[in-house]
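Novice: Contents of input00.csv (CSV, C-alpha atoms) are given next:
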chain,number,residue,atom,x,y,z
A,214,MET,CA,87.5,-55.4,268.8
A,215,GLU,CA,84.8,-56.1,266.3
A,216,ASP,CA,84.2,-52.3,266.1
A,217,ILE,CA,87.8,-51.8,264.8
A,218,LYS,CA,87.1,-54.1,261.9
A,219,LYS,CA,83.8,-52.4,261.1
A,220,ASN,CA,85.4,-49.0,261.4
A,221,LEU,CA,88.2,-50.0,259.2
A,222,GLU,CA,85.8,-51.1,256.5
A,223,ALA,CA,83.9,-47.8,256.7
A,224,VAL,CA,87.2,-45.9,256.4
A,225,GLN,CA,88.3,-48.0,253.4
A,226,GLU,CA,84.9,-47.3,251.8
A,227,LYS,CA,85.3,-43.6,252.2
A,228,ILE,CA,88.8,-43.8,250.7
A,229,ARG,CA,87.4,-45.6,247.8
A,230,ASP,CA,84.5,-43.1,247.3
A,231,ALA,CA,86.9,-40.1,247.6
A,232,ALA,CA,89.4,-41.6,245.1
A,233,GLU,CA,86.7,-42.6,242.6
A,234,SER,CA,85.1,-39.2,242.8
A,235,CYS,CA,88.3,-37.6,241.3
A,236,GLY,CA,89.1,-40.4,238.8
A,237,ARG,CA,91.6,-42.3,241.0
A,238,LYS,CA,91.8,-45.8,242.3
A,239,ALA,CA,91.5,-46.6,246.0
A,240,GLU,CA,94.7,-48.7,245.6
A,241,GLU,CA,96.6,-45.5,245.0
A,242,VAL,CA,96.0,-44.3,248.5
A,243,THR,CA,98.0,-45.8,251.4
A,244,LEU,CA,96.2,-45.9,254.7
A,245,VAL,CA,98.3,-45.5,257.8
A,246,ALA,CA,96.4,-46.4,260.9
A,247,VAL,CA,97.4,-44.1,263.7
A,248,SER,CA,97.8,-46.1,266.9
A,249,LYS,CA,98.4,-43.3,269.4
A,250,THR,CA,97.4,-44.5,272.9
A,251,ARG,CA,96.2,-47.9,271.6
A,252,ASN,CA,97.4,-51.2,273.0
A,253,PRO,CA,99.0,-54.0,271.1
A,254,GLU,CA,95.8,-56.1,271.1
A,255,GLU,CA,93.9,-53.3,269.4
A,256,ILE,CA,96.7,-52.7,266.9
A,257,ASN,CA,97.0,-56.4,266.0
A,258,THR,CA,93.3,-56.6,265.5
A,259,ALA,CA,93.6,-53.8,262.9
A,260,ILE,CA,96.5,-55.6,261.3
A,261,ASP,CA,94.5,-58.9,261.1
A,262,ALA,CA,91.7,-56.9,259.5
A,263,GLY,CA,94.0,-55.7,256.7
A,264,VAL,CA,96.1,-52.7,258.0
A,265,THR,CA,99.6,-52.8,256.6
A,266,ASP,CA,101.0,-49.5,258.0
A,267,ILE,CA,101.0,-48.2,261.5
A,268,GLY,CA,101.7,-44.6,262.5
A,269,GLU,CA,102.8,-43.4,265.9
A,270,ASN,CA,103.2,-39.9,267.3
A,271,LYS,CA,105.6,-40.6,270.1
A,272,VAL,CA,109.0,-42.4,270.2
A,273,GLN,CA,108.2,-44.0,273.6
A,274,GLU,CA,105.0,-45.6,272.2
A,275,ILE,CA,107.0,-47.1,269.3
A,276,MET,CA,109.5,-48.6,271.8
A,277,ASP,CA,106.8,-49.9,274.1
A,278,LYS,CA,104.8,-51.6,271.4
A,279,PHE,CA,107.3,-52.6,268.8
A,280,GLU,CA,108.0,-56.2,270.0
A,281,ALA,CA,104.3,-57.0,270.6
A,282,ILE,CA,103.1,-55.9,267.2
A,283,LYS,CA,102.7,-58.3,264.2
A,284,PRO,CA,104.8,-57.6,261.1
A,285,VAL,CA,103.8,-54.2,259.7
A,286,LYS,CA,105.4,-51.0,258.3
A,287,TRP,CA,106.0,-48.4,261.0
A,288,HIS,CA,105.7,-44.6,260.4
A,289,MET,CA,106.9,-41.9,262.8
A,290,ILE,CA,104.4,-39.2,262.2
A,291,GLY,CA,104.7,-36.9,265.2
A,292,HIS,CA,107.3,-34.3,266.1
A,293,LEU,CA,110.7,-35.9,266.5
A,294,GLN,CA,113.3,-34.5,268.8
A,295,THR,CA,116.9,-35.0,267.7
A,296,ASN,CA,117.9,-36.7,270.9
A,297,LYS,CA,115.3,-39.5,270.3
A,298,VAL,CA,116.2,-40.3,266.7
A,299,LYS,CA,118.6,-43.1,267.9
A,300,TYR,CA,115.8,-45.0,269.5
A,301,ILE,CA,113.7,-45.5,266.4
A,302,ILE,CA,116.1,-45.3,263.5
A,303,ASP,CA,116.2,-49.1,263.3
A,304,LYS,CA,112.5,-49.6,263.8
A,305,VAL,CA,110.5,-47.3,261.5
A,306,ASP,CA,110.2,-47.5,257.8
A,307,MET,CA,109.5,-43.8,257.2
A,308,ILE,CA,109.7,-40.5,259.2
A,309,HIS,CA,107.0,-38.1,258.2
A,310,SER,CA,107.9,-35.1,260.3
A,311,VAL,CA,111.2,-33.7,259.1
A,312,ASP,CA,111.1,-29.9,259.4
A,313,SER,CA,114.6,-28.8,260.0
A,314,MET,CA,118.2,-29.4,258.8
A,315,LYS,CA,119.2,-30.1,262.4
A,316,LEU,CA,116.8,-33.0,262.6
A,317,ALA,CA,117.7,-34.2,259.1
A,318,LYS,CA,121.4,-34.3,260.0
A,319,GLU,CA,120.8,-36.4,263.1
A,320,ILE,CA,118.6,-38.8,261.1
A,321,ASN,CA,121.4,-39.0,258.5
A,322,LYS,CA,124.0,-39.7,261.2
A,323,ARG,CA,122.0,-42.4,262.9
A,324,ALA,CA,121.1,-44.0,259.6
A,325,ALA,CA,124.7,-44.2,258.5
A,326,GLN,CA,125.6,-45.9,261.8
A,327,HIS,CA,123.0,-48.6,260.9
A,328,GLU,CA,124.2,-48.7,257.3
A,329,LYS,CA,120.7,-47.9,256.0
A,330,THR,CA,119.0,-45.2,254.0
A,331,MET,CA,116.1,-43.6,255.9
A,332,ASP,CA,113.0,-42.6,254.0
A,333,ILE,CA,111.6,-39.3,255.1
A,334,LEU,CA,108.9,-36.8,254.3
A,335,VAL,CA,109.4,-33.1,254.7
A,336,GLN,CA,106.7,-31.6,256.9
A,337,ILE,CA,104.9,-28.5,255.7
A,338,ASN,CA,102.8,-26.2,258.0
A,339,PRO,CA,100.5,-24.7,255.3
A,340,ALA,CA,98.7,-22.3,257.6
A,341,GLN,CA,101.9,-21.4,259.5
A,342,GLU,CA,100.1,-22.2,262.8
A,343,GLU,CA,102.3,-21.6,265.9
A,344,SER,CA,100.9,-24.7,267.5
A,345,LYS,CA,102.1,-27.0,264.7
A,346,PHE,CA,105.5,-27.9,263.4
A,347,GLY,CA,106.6,-27.8,259.8
A,348,VAL,CA,108.2,-25.4,257.3
A,349,SER,CA,106.2,-22.9,255.2
A,350,ILE,CA,105.2,-23.9,251.7
A,351,ASP,CA,107.7,-21.2,250.4
A,352,GLY,CA,110.5,-22.6,252.6
A,353,ALA,CA,110.1,-26.3,251.6
A,354,GLU,CA,112.3,-26.2,248.5
A,355,GLU,CA,115.3,-24.7,250.5
A,356,LEU,CA,115.1,-27.5,253.1
A,357,VAL,CA,114.7,-30.2,250.4
A,358,ARG,CA,117.7,-29.0,248.5
A,359,GLU,CA,119.8,-28.6,251.7
A,360,ILE,CA,119.0,-32.2,252.7
A,361,LEU,CA,119.8,-33.5,249.3
A,362,ALA,CA,123.2,-31.7,249.4
A,363,ASN,CA,124.2,-32.9,252.8
A,364,CYS,CA,122.5,-36.1,253.8
A,365,GLU,CA,123.8,-39.2,251.9
A,366,ASN,CA,121.8,-41.6,254.0
A,367,ILE,CA,118.4,-40.0,253.6
A,368,ARG,CA,115.9,-40.5,250.7
A,369,ILE,CA,113.2,-37.9,250.4
A,370,LYS,CA,110.0,-39.7,249.5
A,371,GLY,CA,107.6,-36.7,249.5
A,372,LEU,CA,105.8,-34.1,251.7
A,373,MET,CA,103.6,-34.3,254.7
A,374,SER,CA,101.2,-31.7,256.2
A,375,VAL,CA,98.6,-31.2,258.9
A,376,ALA,CA,95.8,-28.8,258.0
A,377,PRO,CA,94.3,-26.4,260.5
A,378,ILE,CA,91.2,-27.5,262.4
A,379,VAL,CA,88.1,-26.0,260.9
A,380,GLU,CA,84.3,-26.3,261.4
A,381,ASN,CA,83.6,-27.1,257.8
A,382,MET,CA,85.8,-29.9,256.4
A,383,ARG,CA,85.7,-28.3,253.0
A,384,ASP,CA,87.6,-25.2,254.3
A,385,VAL,CA,90.9,-27.1,254.5
A,386,LYS,CA,91.0,-27.8,250.7
A,387,PRO,CA,92.9,-24.6,249.9
A,388,TYR,CA,95.7,-25.6,252.3
A,389,PHE,CA,95.9,-29.1,250.8
A,390,ASP,CA,95.9,-27.6,247.3
A,391,GLY,CA,98.8,-25.4,248.2
A,392,VAL,CA,100.9,-28.4,249.4
A,393,LYS,CA,100.0,-30.4,246.4
A,394,ALA,CA,101.1,-27.7,244.1
A,395,LYS,CA,104.5,-27.6,245.9
A,396,TYR,CA,104.7,-31.4,245.8
A,397,ASP,CA,104.2,-31.3,242.0
A,398,GLU,CA,106.9,-28.6,241.7
A,399,LEU,CA,109.5,-30.3,243.9
A,400,LYS,CA,109.1,-33.8,242.5
A,401,ASN,CA,110.9,-32.7,239.3
A,402,ILE,CA,114.2,-32.0,241.1
A,403,ASP,CA,116.8,-34.3,239.5
A,404,ASP,CA,118.6,-36.1,242.3
A,405,PRO,CA,118.9,-39.8,243.0
A,406,LYS,CA,118.1,-39.2,246.7
A,407,LEU,CA,114.7,-37.7,245.8
A,408,ASP,CA,112.0,-40.1,244.9
A,409,PHE,CA,108.6,-38.4,245.5
A,410,GLU,CA,106.2,-41.2,246.0
A,411,TYR,CA,104.0,-39.9,248.9
A,412,LEU,CA,101.9,-36.9,249.6
A,413,SER,CA,100.9,-37.5,253.2
A,414,MET,CA,97.8,-35.3,253.9
A,415,GLY,CA,94.5,-36.0,255.7
A,416,MET,CA,93.4,-37.4,259.0
A,417,SER,CA,90.2,-38.8,260.5
A,418,GLY,CA,88.3,-35.5,260.1
A,419,ASP,CA,89.4,-34.4,256.6
A,420,PHE,CA,90.9,-37.3,254.7
A,421,PRO,CA,88.2,-37.4,251.9
A,422,VAL,CA,89.0,-33.7,251.1
A,423,ALA,CA,92.8,-34.5,251.2
A,424,ILE,CA,92.3,-37.3,248.7
A,425,GLU,CA,90.3,-35.0,246.5
A,426,ALA,CA,93.3,-32.6,246.6
A,427,GLY,CA,95.7,-35.3,245.6
A,428,SER,CA,96.9,-37.0,248.8
A,429,ASN,CA,98.0,-40.6,248.3
A,430,LEU,CA,98.7,-41.3,252.0
A,431,VAL,CA,96.2,-40.6,254.8
A,432,ARG,CA,96.8,-40.9,258.6
A,433,VAL,CA,93.6,-42.1,260.3
A,434,GLY,CA,93.3,-43.0,264.0
A,435,SER,CA,90.1,-42.3,265.8
A,436,ALA,CA,87.9,-43.2,262.8
A,437,ILE,CA,89.4,-46.7,263.0
A,438,PHE,CA,90.1,-47.2,266.7
A,439,GLY,CA,87.4,-44.9,268.2
A,440,GLU,CA,87.9,-41.8,270.2
A,441,ARG,CA,90.9,-41.8,272.5
A,442,ASP,CA,90.6,-42.0,276.2
A,443,TYR,CA,93.7,-40.1,277.3
A,444,GLU,CA,92.9,-40.5,281.0
A,445,ALA,CA,92.6,-44.3,280.8
A,446,TYR,CA,95.8,-44.4,278.8
A,447,ARG,CA,97.5,-42.3,281.5
A,448,ARG,CA,96.3,-44.6,284.2
A,449,GLU,CA,97.5,-47.6,282.3
A,450,GLN,CA,101.0,-46.1,281.9
A,451,GLU,CA,101.2,-45.3,285.5
A,452,ALA,CA,100.2,-48.9,286.4
A,453,LYS,CA,103.0,-50.2,284.2
A,454,LYS,CA,105.6,-47.9,285.8
A,455,ASN,CA,104.5,-49.2,289.2
A,456,GLY,CA,104.6,-52.8,288.2
A,457,ASN,CA,100.9,-53.4,288.4
A,458,ALA,CA,100.3,-54.3,284.8
Would you mind writing the file out in structure tokens?
Specialist:
Amino acid sequence: MEDIKKNLEAVQEKIRDAAESCGRKAEEVTLVAVSKTRNPEEINTAIDAGVTDIGENKVQEIMDKFEAIKPVKWHMIGHLQTNKVKYIIDKVDMIHSVDSMKLAKEINKRAAQHEKTMDILVQINPAQEESKFGVSIDGAEELVREILANCENIRIKGLMSVAPIVENMRDVKPYFDGVKAKYDELKNIDDPKLDFEYLSMGMSGDFPVAIEAGSNLVRVGSAIFGERDYEAYRREQEAKKNGNA
């Protein structure tokens, strides 16, 4: 667990260096620690070390861990199916991955049932990769305006994107720059349900470049918790199902 604390300090230092290199303050950048496949003990260690925001990719993991985690802000950062919105609508503080009107309407419906306003980010797929979700940069405004017109219980807090995987980290900057330009354009829409506060770009492999491009929220997992052992996680889940854990 000591490694988590050291890794977190190293990530925070990189955030500080990246922010200062472009004339910004580290405090302007929100760090979301991505806890995919991590157990509550690991997550709580990160929280004790200063993490204030946790991001999960899967609804089931949020449900499994929610009660065992210390007070923290929860972010749903992975693809969200409409039939699973009801399970997390009362648990997460923000949903990063809204990429369709169908999903937005379901979030709006469930939020209304809980008498809350759900903060969301609209997800952009800047390289239009078939393996990733998100609207195109050119299609972002249409979706934003449609959500604003039809979803009273949603507040749009900004944009989120996942850059393509590249060999040279610097090669992702044009994609980040494109999303930042669209962010700057859309934030001027005059609507009380639009409050652009977050540009969620950058993960473990490219967050310094994302910060340089203007990101103020980075989603970092393996750089904090170490490389994921998916096989070990699978075995652990199977043991729980069988009543052996």
Novice: Counting all atoms listed in the file, note down every residue that has an atom within 7 Å of the point (96.7, -24.6, 254.4) (file coordinates), as a PDB file with C-alpha atoms, keeping the file's coordinate frame.
Specialist:
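Result written to point11.pdb:
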ATOM      1  CA  PRO A 339     100.500 -24.700 255.300  1.00  0.00           C
ATOM      2  CA  ALA A 340      98.700 -22.300 257.600  1.00  0.00           C
ATOM      3  CA  ALA A 376      95.800 -28.800 258.000  1.00  0.00           C
ATOM      4  CA  PRO A 377      94.300 -26.400 260.500  1.00  0.00           C
ATOM      5  CA  VAL A 385      90.900 -27.100 254.500  1.00  0.00           C
ATOM      6  CA  PRO A 387      92.900 -24.600 249.900  1.00  0.00           C
ATOM      7  CA  TYR A 388      95.700 -25.600 252.300  1.00  0.00           C
ATOM      8  CA  PHE A 389      95.900 -29.100 250.800  1.00  0.00           C
ATOM      9  CA  GLY A 391      98.800 -25.400 248.200  1.00  0.00           C
TER      10      GLY A 391
END
Novice: Using atom CA of A:Arg368 and atom CA of A:Met331 as the two end points, give the distance in Å to one decimal.
Specialist: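 So the two atoms, atom CA of A:Arg368 and atom CA of A:Met331, lie 6.1 Å apart.
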Novice: Tell me, in Å to one decimal, how far atom CA of A:Lys406 is from atom CA of A:Asp266.
Specialist: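 Interatomic distance, atom CA of A:Lys406 to atom CA of A:Asp266: 22.9 Å.
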Novice: So which one's closest to A:Leu399, A:Ala353, A:Ile320, A:Met414, A:Val422? Using only C-alpha atoms, please.
Specialist: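 Among the listed residues, A:Ala353 lies closest to A:Leu399.
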Novice: I'd like the neighbourhood of A:Ala317 as a PyMOL selection string, where a residue qualifies if any of its atoms comes within 8 Å (using all atoms listed in the file), though same-chain residues fewer than 6 positions away should be ignored.
Specialist: chain A and resi 311+360+364
Novice: So what do you get for atom CA of A:Glu240 versus atom CA of A:Lys278, distance-wise?
Specialist: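 Going from atom CA of A:Glu240 over to atom CA of A:Lys278 covers 27.9 Å.
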Novice: Which one is closest to A:Val247: A:Val305, A:Met214, A:Ala259, A:Ala223? Count all atoms listed in the file.
Specialist: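 For A:Val247, the nearest of the candidates is A:Ala259.
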Novice: Using only C-alpha atoms, can you tell me which of A:Val392, A:Ile290, A:Val431, A:Ile275 comes closest to A:Leu334?
Specialist: A:Ile290
Novice: Could you check which of A:Glu215, A:Glu355, A:Asp332, A:Asp390 is closest to A:Asp408, using all atoms listed in the file?
Specialist: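 The shortest atom-to-atom distance to A:Asp408 comes from A:Asp332.
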Novice: Between A:Gly434, A:Glu425, A:Glu398, A:Asp216, which is the closest to A:Asn270 once you count only C-alpha atoms?
Specialist: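 Comparing A:Gly434, A:Glu425, A:Glu398, A:Asp216 against A:Asn270, the winner is A:Gly434.
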